[in-house]
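Dumped my_file14.txt below, it's compact mmCIF, C-alpha atoms:
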```
# COMPACT_ATOMS: atom_id res chain seq x y z
CA MET A 398 -126.54 -90.32 -54.88
CA ALA A 399 -128.98 -91.48 -52.22
CA GLU A 400 -131.77 -93.89 -52.94
CA LYS A 401 -135.13 -94.43 -51.30
CA ASN A 402 -137.63 -97.20 -51.52
CA TYR A 403 -141.26 -96.17 -51.66
CA ALA A 404 -144.04 -98.70 -52.20
CA GLY A 405 -141.57 -101.25 -53.55
CA VAL A 406 -139.98 -98.86 -56.04
CA THR A 407 -136.40 -97.64 -55.59
CA VAL A 408 -135.85 -94.02 -56.68
CA ALA A 409 -132.85 -91.69 -56.59
CA VAL A 410 -133.23 -88.68 -54.28
CA ASP A 411 -131.03 -85.66 -53.57
CA ALA A 412 -129.47 -84.77 -50.19
CA ASP A 413 -132.78 -83.29 -48.98
CA GLY A 414 -134.87 -86.23 -50.11
CA PHE A 415 -136.33 -84.69 -53.28
CA LEU A 416 -136.83 -87.06 -56.21
CA GLU A 417 -134.06 -86.67 -58.78
CA ASP A 418 -136.38 -87.60 -61.65
CA PRO A 419 -139.95 -86.24 -61.37
CA SER A 420 -141.08 -88.51 -64.19
CA LEU A 421 -140.67 -91.56 -61.94
CA TRP A 422 -143.25 -90.14 -59.50
CA THR A 423 -146.42 -92.10 -58.76
CA ARG A 424 -149.26 -91.55 -56.28
CA GLU A 425 -147.86 -94.48 -54.29
CA ILE A 426 -144.49 -92.71 -54.01
CA ALA A 427 -146.29 -89.60 -52.74
CA GLU A 428 -148.03 -91.74 -50.12
CA GLY A 429 -144.63 -93.17 -49.16
CA ILE A 430 -143.03 -89.74 -48.77
CA ALA A 431 -146.06 -88.59 -46.76
CA GLU A 432 -145.74 -91.55 -44.42
CA GLU A 433 -142.07 -90.72 -43.92
CA LEU A 434 -143.09 -87.14 -43.04
CA GLY A 435 -145.75 -88.38 -40.63
CA MET A 436 -148.56 -87.05 -42.82
CA THR A 437 -151.75 -88.58 -44.16
CA LEU A 438 -152.77 -87.28 -47.58
CA THR A 439 -156.39 -86.19 -47.88
CA ASP A 440 -158.43 -85.17 -50.94
CA ARG A 441 -157.40 -81.56 -50.25
CA HIS A 442 -153.70 -82.46 -50.30
CA TRP A 443 -154.33 -84.15 -53.63
CA VAL A 444 -155.87 -80.96 -55.07
CA VAL A 445 -152.51 -79.28 -54.37
CA LEU A 446 -150.34 -82.17 -55.54
CA GLU A 447 -152.26 -82.71 -58.78
CA PHE A 448 -152.07 -78.99 -59.53
CA ILE A 449 -148.28 -79.03 -58.98
CA ARG A 450 -147.89 -82.03 -61.29
CA LYS A 451 -149.83 -80.33 -64.06
CA ASP A 452 -148.41 -76.83 -63.58
CA ALA A 453 -144.80 -78.00 -63.42
CA VAL A 454 -145.21 -79.68 -66.81
CA ASP A 455 -146.87 -76.58 -68.31
CA GLN A 456 -144.41 -74.07 -66.81
CA GLY A 457 -141.23 -76.12 -66.73
CA GLU A 458 -140.82 -75.58 -62.98
CA PRO A 459 -142.83 -76.37 -59.86
CA PRO A 460 -145.16 -73.55 -58.69
CA GLY A 461 -144.66 -71.51 -55.51
CA VAL A 462 -147.22 -71.28 -52.73
CA ARG A 463 -148.80 -68.07 -54.04
CA ARG A 464 -149.35 -69.52 -57.50
CA ILE A 465 -150.93 -72.66 -56.02
CA THR A 466 -153.37 -70.62 -53.94
CA LYS A 467 -154.21 -68.32 -56.87
CA LEU A 468 -154.95 -71.11 -59.32
CA THR A 469 -156.69 -73.68 -57.09
CA ASP A 470 -159.51 -73.31 -54.57
CA VAL A 471 -157.05 -73.95 -51.73
CA SER A 472 -156.64 -70.72 -49.74
CA MET A 473 -153.42 -69.47 -48.16
CA LYS A 474 -154.82 -70.35 -44.73
CA GLU A 475 -155.78 -73.86 -45.80
CA ILE A 476 -152.46 -74.67 -47.47
CA TYR A 477 -150.68 -73.95 -44.18
CA LYS A 478 -153.13 -76.24 -42.39
CA LEU A 479 -152.48 -78.97 -44.97
CA PHE A 480 -148.69 -78.61 -44.83
CA PRO A 481 -147.94 -77.18 -41.38
CA LYS A 482 -144.24 -77.95 -41.69
CA GLY A 483 -143.95 -75.65 -44.70
CA PRO A 484 -146.09 -75.72 -47.87
CA GLY A 485 -143.30 -74.09 -49.91
CA ILE A 486 -141.11 -77.12 -50.06
CA LEU A 487 -143.18 -80.01 -48.73
CA ALA A 488 -145.93 -79.78 -51.35
CA SER A 489 -143.33 -79.81 -54.10
CA LYS A 490 -141.45 -82.68 -52.50
CA LEU A 491 -144.61 -84.77 -52.21
CA ALA A 492 -145.39 -84.02 -55.86
CA GLY A 493 -142.01 -85.37 -56.88
CA TYR A 494 -140.39 -82.06 -57.78
CA GLY A 495 -137.47 -80.07 -56.35
CA LYS A 496 -137.73 -76.85 -54.33
CA PRO A 497 -139.60 -74.06 -56.14
CA GLN A 498 -137.15 -71.30 -57.12
CA GLY A 499 -139.53 -68.36 -56.70
CA CYS A 500 -139.67 -66.32 -53.48
CA VAL A 501 -143.46 -66.20 -53.12
CA MET B 376 -133.75 -80.58 -43.51
CA THR B 377 -137.25 -80.25 -44.92
CA ASP B 378 -139.17 -82.26 -42.39
CA GLY B 379 -139.43 -80.51 -39.06
CA MET B 380 -137.47 -77.26 -39.02
CA GLU B 381 -135.28 -77.48 -35.95
CA ASN B 382 -132.12 -75.69 -34.89
CA ASP B 383 -128.99 -77.37 -33.53
CA HIS B 384 -130.55 -77.60 -30.09
CA GLY B 385 -133.59 -79.49 -31.32
CA MET B 386 -135.83 -76.43 -30.88
CA PRO B 387 -138.13 -75.23 -33.67
CA ARG B 388 -136.39 -72.74 -35.95
CA LYS B 389 -137.62 -69.18 -35.67
CA VAL B 390 -136.86 -65.81 -37.27
CA ALA B 391 -137.58 -62.32 -35.94
CA ILE B 392 -137.46 -59.48 -38.44
CA ILE B 393 -137.35 -55.82 -37.45
CA CYS B 394 -138.68 -53.43 -40.12
CA SER B 395 -137.51 -49.92 -39.27
CA LYS B 396 -137.88 -48.23 -42.67
CA GLY B 397 -141.06 -47.33 -44.51
CA SER B 398 -139.99 -47.08 -48.13
CA LEU B 399 -141.19 -49.58 -50.70
CA ASP B 400 -137.67 -50.89 -51.27
CA MET B 401 -137.16 -51.45 -47.53
CA ALA B 402 -140.61 -52.96 -46.96
CA TYR B 403 -140.22 -55.83 -49.42
CA PRO B 404 -137.05 -57.49 -48.08
CA GLY B 405 -138.40 -57.96 -44.56
CA LEU B 406 -141.82 -59.18 -45.61
CA ILE B 407 -140.49 -61.50 -48.32
CA LEU B 408 -137.99 -63.03 -45.88
CA ALA B 409 -140.69 -63.58 -43.26
CA ASN B 410 -142.91 -65.20 -45.86
CA ALA B 411 -140.07 -67.39 -47.15
CA ALA B 412 -139.43 -68.57 -43.60
CA ARG B 413 -143.09 -69.54 -43.18
CA MET B 414 -143.11 -71.36 -46.53
CA MET B 415 -140.22 -73.46 -45.20
CA GLY B 416 -142.00 -74.21 -41.96
CA ILE B 417 -139.88 -71.81 -39.90
CA GLU B 418 -141.74 -69.73 -37.29
CA ALA B 419 -141.65 -66.01 -38.09
CA MET B 420 -142.43 -62.70 -36.42
CA VAL B 421 -142.07 -59.14 -37.71
CA PHE B 422 -141.63 -56.10 -35.47
CA PHE B 423 -142.44 -52.75 -37.10
CA THR B 424 -140.77 -49.74 -35.53
CA PHE B 425 -140.11 -46.10 -36.45
CA TRP B 426 -140.74 -45.51 -40.17
CA GLY B 427 -141.42 -49.21 -40.53
CA LEU B 428 -144.81 -48.46 -39.00
CA ASP B 429 -145.82 -46.95 -42.36
CA ILE B 430 -145.90 -50.51 -43.74
CA ILE B 431 -148.74 -51.44 -41.39
CA THR B 432 -150.50 -48.06 -41.18
CA GLU B 433 -153.85 -48.30 -42.96
CA LYS B 434 -153.54 -44.89 -44.64
CA LYS B 435 -149.98 -45.46 -45.84
CA VAL B 436 -149.61 -49.13 -46.73
CA ASP B 437 -150.81 -48.67 -50.32
CA LYS B 438 -148.80 -45.47 -50.82
CA LEU B 439 -145.25 -46.47 -49.85
CA LYS B 440 -142.66 -44.75 -52.00
CA ALA B 441 -139.39 -45.96 -53.49
CA GLY B 442 -136.60 -44.20 -51.56
CA MET B 443 -134.44 -42.20 -53.98
CA VAL B 444 -132.86 -39.41 -51.94
CA GLY B 445 -129.80 -40.60 -50.05
CA ASN B 446 -129.87 -43.88 -51.96
CA PRO B 447 -126.52 -44.36 -53.72
CA SER B 448 -128.10 -47.03 -55.92
CA ALA B 449 -130.84 -44.73 -57.21
CA PRO B 450 -130.93 -45.12 -60.99
CA LEU B 451 -130.63 -41.37 -61.63
CA PRO B 452 -128.15 -38.58 -60.81
CA HIS B 453 -128.28 -37.75 -57.14
CA MET B 454 -128.90 -34.06 -57.80
CA LEU B 455 -132.14 -34.90 -59.57
CA ALA B 456 -133.44 -37.42 -57.03
CA GLY B 457 -134.88 -34.73 -54.79
CA LEU B 458 -136.68 -32.81 -57.52
CA PRO B 459 -140.48 -32.67 -57.32
CA GLY B 460 -142.13 -35.66 -58.95
CA MET B 461 -138.99 -37.80 -59.05
CA GLU B 462 -139.97 -40.00 -56.13
CA SER B 463 -143.45 -40.61 -57.55
CA PHE B 464 -141.94 -41.40 -60.93
CA ALA B 465 -139.47 -43.88 -59.46
CA THR B 466 -142.23 -45.43 -57.35
CA SER B 467 -144.54 -45.98 -60.28
CA MET B 468 -141.69 -47.51 -62.29
CA MET B 469 -140.89 -49.88 -59.45
CA LYS B 470 -144.54 -50.81 -58.95
CA LYS B 471 -144.92 -51.58 -62.66
CA LYS B 472 -141.87 -53.78 -62.55
CA ILE B 473 -143.18 -55.58 -59.47
CA GLN B 474 -146.59 -56.16 -61.07
CA GLY B 475 -144.97 -57.40 -64.26
CA LEU B 476 -143.08 -60.03 -62.29
CA ASP B 477 -146.28 -61.04 -60.51
CA ILE B 478 -144.87 -60.15 -57.08
CA PRO B 479 -147.66 -59.37 -54.58
CA ASP B 480 -148.15 -55.78 -53.41
CA ILE B 481 -147.43 -54.92 -49.77
CA ARG B 482 -151.03 -55.27 -48.62
CA GLU B 483 -151.32 -58.73 -50.14
CA LEU B 484 -148.02 -59.72 -48.52
CA LEU B 485 -149.36 -58.65 -45.11
CA GLU B 486 -152.52 -60.70 -45.70
CA THR B 487 -150.40 -63.66 -46.79
CA LEU B 488 -148.23 -63.40 -43.68
CA ASP B 489 -151.34 -63.29 -41.53
CA ALA B 490 -152.83 -66.36 -43.23
CA ALA B 491 -149.49 -68.10 -42.68
CA GLU B 492 -149.71 -67.28 -38.96
CA THR B 493 -146.78 -64.89 -38.87
CA ASP B 494 -146.92 -62.68 -35.79
CA LEU B 495 -146.93 -59.02 -36.78
CA TYR B 496 -146.15 -56.56 -33.97
CA ALA B 497 -146.15 -52.76 -33.85
CA CYS B 498 -143.68 -50.87 -31.65
CA LYS B 499 -145.42 -49.10 -28.76
CA MET B 500 -142.89 -46.29 -28.42
CA ALA B 501 -142.88 -45.44 -32.13
CA MET B 502 -146.71 -45.50 -32.13
CA ASP B 503 -146.70 -42.95 -29.30
CA MET B 504 -144.13 -40.81 -31.10
CA PHE B 505 -146.18 -40.69 -34.28
CA GLY B 506 -149.50 -40.32 -32.45
CA LEU B 507 -150.87 -43.57 -33.85
CA GLU B 508 -153.65 -45.67 -32.30
CA ARG B 509 -154.33 -49.39 -32.75
CA ASP B 510 -157.21 -48.48 -35.08
CA ASP B 511 -154.80 -46.71 -37.43
CA LEU B 512 -153.07 -50.03 -38.18
CA VAL B 513 -154.07 -52.78 -40.60
CA PRO B 514 -156.09 -55.59 -38.96
CA GLU B 515 -153.35 -58.19 -39.53
CA VAL B 516 -151.28 -56.67 -36.70
CA LYS B 517 -151.43 -59.02 -33.74
CA ASP B 518 -150.39 -56.66 -30.97
CA VAL B 519 -148.67 -53.42 -29.99
CA ILE B 520 -145.63 -54.26 -27.88
CA GLY B 521 -142.58 -52.69 -26.25
CA ALA B 522 -138.91 -53.40 -26.91
CA MET B 523 -138.65 -55.75 -23.94
CA ASP B 524 -141.68 -57.70 -25.12
CA PHE B 525 -139.94 -58.01 -28.47
CA PHE B 526 -137.01 -59.80 -26.86
CA GLN B 527 -139.35 -62.08 -25.00
CA HIS B 528 -141.17 -63.06 -28.20
CA ALA B 529 -137.91 -63.32 -30.16
CA GLU B 530 -136.22 -65.72 -27.78
CA GLY B 531 -134.14 -68.24 -29.70
CA ALA B 532 -134.89 -66.56 -33.05
CA GLN B 533 -132.47 -65.52 -35.76
CA THR B 534 -132.94 -61.76 -35.85
CA PHE B 535 -132.73 -59.46 -38.88
CA PHE B 536 -132.72 -55.67 -38.70
CA ILE B 537 -133.92 -53.91 -41.83
```

Can I see the file as C-alpha cells?
Amino acid sequence: MAEKNYAGVTVAVDADGFLEDPSLWTREIAEGIAEELGMTLTDRHWVVLEFIRKDAVDQGEPPGVRRITKLTDVSMKEIYKLFPKGPGILASKLAGYGKPQGCV
Amino acid sequence: MTDGMENDHGMPRKVAIICSKGSLDMAYPGLILANAARMMGIEAMVFFTFWGLDIITEKKVDKLKAGMVGNPSAPLPHMLAGLPGMESFATSMMKKKIQGLDIPDIRELLETLDAAETDLYACKMAMDMFGLERDDLVPEVKDVIGAMDFFQHAEGAQTFFI
C-alpha cells in the first residue's frame, strides 16, 4: 500500500492516489492533494468539497457530478471550470473519497 | 492516472463517439460514455449520423422510442413487439425506470454535455437526406460537418460506433 505525506501527516492511498480511509481527511490534506495536482482551492471549490464530505456520510458513497450540481449552487459549467481535469474523480479525490460509482 | 489524462504518447486523451441510431436504448450508451469521458477529464466529441440525428432533432429528442422490433433482447415475444401500442408501452416503461433511478433524460444529457464542453456534430449528408436544416437541431450542436471533417476532428481519439 502506498503512502503519501500531506501537511506533515502520512496517509495510506490506493494506486490512483485516493485516500484509503476518508475519516483521516482534513482540509490541510485537501490543500496538499490540490498542490500536487497543480490546483489552488478557492471558496467555490470548497462549496463542492464540503458538499461531498456531507453527502458521502449521508448516502454512504461519494456523489457524482450531476448530484453535486443539483444539490449545490455550483452549475455544470462552473464545476468543469473548477476541475478542468475532470470533476468526476478529482472532486472526490480532493474530498478524501474514492471514485464515485455512478455514471452521471 | 487521475491527474492529466494523457495517452501513451503524452497527448491528451480523447474519445469520438458516433451515434447512428435514434432509439432511446441506442441514444443513452453514446451520450453516457461521452459524459463519463468528460467527467474523467478526457476530451469528447459526438458525431450524430443517420437515425442518430433524431437524438439532436428538436422535434424528436423528447420523443425517442425504445426499439422493440428486431431487438432479440426485447422483454416480450417477438410476434407481439410490432403490434400497435407495444413500442409506446415499452418506451413508457423504460422512461419510468430511468426516472426512478434518477438518470437524466436525453435533453438534459445533451445540455450536460454542452456545459462540459463536449463537441456535438451533426452529419451533413444525413441532414441532406432527411431534409433537415441547422434550425431543426437542438442549440447544443456545435456544427454540421462531413465525414472527412469528422476524421479531422477525431484525430488521435478512441472511436466508438453505436

Return as a PDB file with C-alpha atoms, keeping the file's coordinate frame the residues belonging to chain B that are within 10 Å of chain A, counting only C-alpha atoms.
```pdb
ATOM      1  CA  MET B 376    -133.750 -80.580 -43.510  1.00  0.00           C
ATOM      2  CA  THR B 377    -137.250 -80.250 -44.920  1.00  0.00           C
ATOM      3  CA  ASP B 378    -139.170 -82.260 -42.390  1.00  0.00           C
ATOM      4  CA  GLY B 379    -139.430 -80.510 -39.060  1.00  0.00           C
ATOM      5  CA  MET B 380    -137.470 -77.260 -39.020  1.00  0.00           C
ATOM      6  CA  ILE B 407    -140.490 -61.500 -48.320  1.00  0.00           C
ATOM      7  CA  LEU B 408    -137.990 -63.030 -45.880  1.00  0.00           C
ATOM      8  CA  ASN B 410    -142.910 -65.200 -45.860  1.00  0.00           C
ATOM      9  CA  ALA B 411    -140.070 -67.390 -47.150  1.00  0.00           C
ATOM     10  CA  ALA B 412    -139.430 -68.570 -43.600  1.00  0.00           C
ATOM     11  CA  ARG B 413    -143.090 -69.540 -43.180  1.00  0.00           C
ATOM     12  CA  MET B 414    -143.110 -71.360 -46.530  1.00  0.00           C
ATOM     13  CA  MET B 415    -140.220 -73.460 -45.200  1.00  0.00           C
ATOM     14  CA  GLY B 416    -142.000 -74.210 -41.960  1.00  0.00           C
ATOM     15  CA  ILE B 417    -139.880 -71.810 -39.900  1.00  0.00           C
ATOM     16  CA  GLU B 418    -141.740 -69.730 -37.290  1.00  0.00           C
ATOM     17  CA  ASP B 477    -146.280 -61.040 -60.510  1.00  0.00           C
ATOM     18  CA  ILE B 478    -144.870 -60.150 -57.080  1.00  0.00           C
ATOM     19  CA  PRO B 479    -147.660 -59.370 -54.580  1.00  0.00           C
ATOM     20  CA  LEU B 484    -148.020 -59.720 -48.520  1.00  0.00           C
ATOM     21  CA  GLU B 486    -152.520 -60.700 -45.700  1.00  0.00           C
ATOM     22  CA  THR B 487    -150.400 -63.660 -46.790  1.00  0.00           C
ATOM     23  CA  LEU B 488    -148.230 -63.400 -43.680  1.00  0.00           C
ATOM     24  CA  ASP B 489    -151.340 -63.290 -41.530  1.00  0.00           C
ATOM     25  CA  ALA B 490    -152.830 -66.360 -43.230  1.00  0.00           C
ATOM     26  CA  ALA B 491    -149.490 -68.100 -42.680  1.00  0.00           C
ATOM     27  CA  GLU B 492    -149.710 -67.280 -38.960  1.00  0.00           C
TER      28      GLU B 492
END
```

Which centre and which edge lengths, in Å to one decimal, describe the axis-aligned box that holds all listed atoms of stretch 446-454 of chain A after 4 Å is added on each side, as AutoDock Vina command-line options?
```
--center_x -148.5 --center_y -79.8 --center_z -61.2 --size_x 15.5 --size_y 13.9 --size_z 19.3
```

Find the spatial neighbours of A:Gly457, counting all atoms listed in the file, within a cut-off of 12 Å - ignore same-chain residues fewer than 2 positions away - and output them as a compact mmCIF listing (two decimals) with C-alpha atoms, in the coordinates of the input.
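Heads up, here's the output in result-v1.txt:
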```
# COMPACT_ATOMS: atom_id res chain seq x y z
CA PRO A 419 -139.95 -86.24 -61.37
CA ILE A 449 -148.28 -79.03 -58.98
CA ARG A 450 -147.89 -82.03 -61.29
CA LYS A 451 -149.83 -80.33 -64.06
CA ASP A 452 -148.41 -76.83 -63.58
CA ALA A 453 -144.80 -78.00 -63.42
CA VAL A 454 -145.21 -79.68 -66.81
CA ASP A 455 -146.87 -76.58 -68.31
CA PRO A 459 -142.83 -76.37 -59.86
CA PRO A 460 -145.16 -73.55 -58.69
CA TYR A 494 -140.39 -82.06 -57.78
CA GLY A 495 -137.47 -80.07 -56.35
CA PRO A 497 -139.60 -74.06 -56.14
CA GLN A 498 -137.15 -71.30 -57.12
```

note = note - atom CA of B:Phe505 and atom CA of B:Leu428 are separated by 9.2 Å

task = Find the residue from A:Ala488, A:Ala404, A:Val410, A:Val444 that sits nearest to A:Glu428; use all atoms listed in the file when measuring.
result = A:Ala404

task = Calculate how many Å separate atom CA of B:Arg482 from atom CA of B:Gly460, rounding to one decimal.
result = 23.9 Å

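Here atom CA of B:Gln527 is placed at a distance of 19.3 Å from atom CA of B:Glu381.
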
ask   = Got a sec: who's within 10 Å of stretch 507-520 of chain B, counting only C-alpha atoms, leaving out chain neighbours fewer than 5 positions off, as a ChimeraX atom specification?
value = /B:421-423,428-436,482,485-490,492-502,525,528

Would you put the residues from that selection into a file with C-alpha atoms, as an mmCIF file, in the coordinates of the input?
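For reference, out21.cif as written:
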```
data_model
loop_
_atom_site.group_PDB
_atom_site.id
_atom_site.type_symbol
_atom_site.label_atom_id
_atom_site.label_comp_id
_atom_site.auth_asym_id
_atom_site.auth_seq_id
_atom_site.Cartn_x
_atom_site.Cartn_y
_atom_site.Cartn_z
ATOM 1 C CA VAL B 421 -142.070 -59.140 -37.710
ATOM 2 C CA PHE B 422 -141.630 -56.100 -35.470
ATOM 3 C CA PHE B 423 -142.440 -52.750 -37.100
ATOM 4 C CA LEU B 428 -144.810 -48.460 -39.000
ATOM 5 C CA ASP B 429 -145.820 -46.950 -42.360
ATOM 6 C CA ILE B 430 -145.900 -50.510 -43.740
ATOM 7 C CA ILE B 431 -148.740 -51.440 -41.390
ATOM 8 C CA THR B 432 -150.500 -48.060 -41.180
ATOM 9 C CA GLU B 433 -153.850 -48.300 -42.960
ATOM 10 C CA LYS B 434 -153.540 -44.890 -44.640
ATOM 11 C CA LYS B 435 -149.980 -45.460 -45.840
ATOM 12 C CA VAL B 436 -149.610 -49.130 -46.730
ATOM 13 C CA ARG B 482 -151.030 -55.270 -48.620
ATOM 14 C CA LEU B 485 -149.360 -58.650 -45.110
ATOM 15 C CA GLU B 486 -152.520 -60.700 -45.700
ATOM 16 C CA THR B 487 -150.400 -63.660 -46.790
ATOM 17 C CA LEU B 488 -148.230 -63.400 -43.680
ATOM 18 C CA ASP B 489 -151.340 -63.290 -41.530
ATOM 19 C CA ALA B 490 -152.830 -66.360 -43.230
ATOM 20 C CA GLU B 492 -149.710 -67.280 -38.960
ATOM 21 C CA THR B 493 -146.780 -64.890 -38.870
ATOM 22 C CA ASP B 494 -146.920 -62.680 -35.790
ATOM 23 C CA LEU B 495 -146.930 -59.020 -36.780
ATOM 24 C CA TYR B 496 -146.150 -56.560 -33.970
ATOM 25 C CA ALA B 497 -146.150 -52.760 -33.850
ATOM 26 C CA CYS B 498 -143.680 -50.870 -31.650
ATOM 27 C CA LYS B 499 -145.420 -49.100 -28.760
ATOM 28 C CA MET B 500 -142.890 -46.290 -28.420
ATOM 29 C CA ALA B 501 -142.880 -45.440 -32.130
ATOM 30 C CA MET B 502 -146.710 -45.500 -32.130
ATOM 31 C CA PHE B 525 -139.940 -58.010 -28.470
ATOM 32 C CA HIS B 528 -141.170 -63.060 -28.200
#
```

key: Test item: residues at most 7 Å from B:Val390, only C-alpha atoms, excluding those fewer than 4 positions along its chain, as a ChimeraX atom specification   = /B:418-420,532-534

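Distances here use all atoms listed in the file; by that measure, the residue among A:Asp470, A:Glu400, A:Glu447, A:Glu458 closest to A:Ala427 is A:Glu447.
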
query = At most 12 Å from (-139.1, -88.3, -58.1), file frame, all atoms listed in the file: which residues, as a count of residues only?
reply = 34

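Minimum atom-to-atom distances from B:Ala529, B:Ala391, B:Asp437, B:Met469 to B:Gly405 were compared using all atoms listed in the file, and the lowest value belongs to B:Ala391.
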
Find the spatial neighbours of B:Ser463, counting only C-alpha atoms, within a cut-off of 10 Å - ignore same-chain residues fewer than 6 positions away - and output them as a PDB file with C-alpha atoms, in the coordinates of the input.
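Writing the result to selection30.pdb gives the following:
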```
ATOM      1  CA  LYS B 438    -148.800 -45.470 -50.820  1.00  0.00           C
ATOM      2  CA  LEU B 439    -145.250 -46.470 -49.850  1.00  0.00           C
ATOM      3  CA  LYS B 440    -142.660 -44.750 -52.000  1.00  0.00           C
ATOM      4  CA  ALA B 441    -139.390 -45.960 -53.490  1.00  0.00           C
ATOM      5  CA  GLY B 442    -136.600 -44.200 -51.560  1.00  0.00           C
ATOM      6  CA  MET B 443    -134.440 -42.200 -53.980  1.00  0.00           C
ATOM      7  CA  MET B 469    -140.890 -49.880 -59.450  1.00  0.00           C
TER       8      MET B 469
END
```
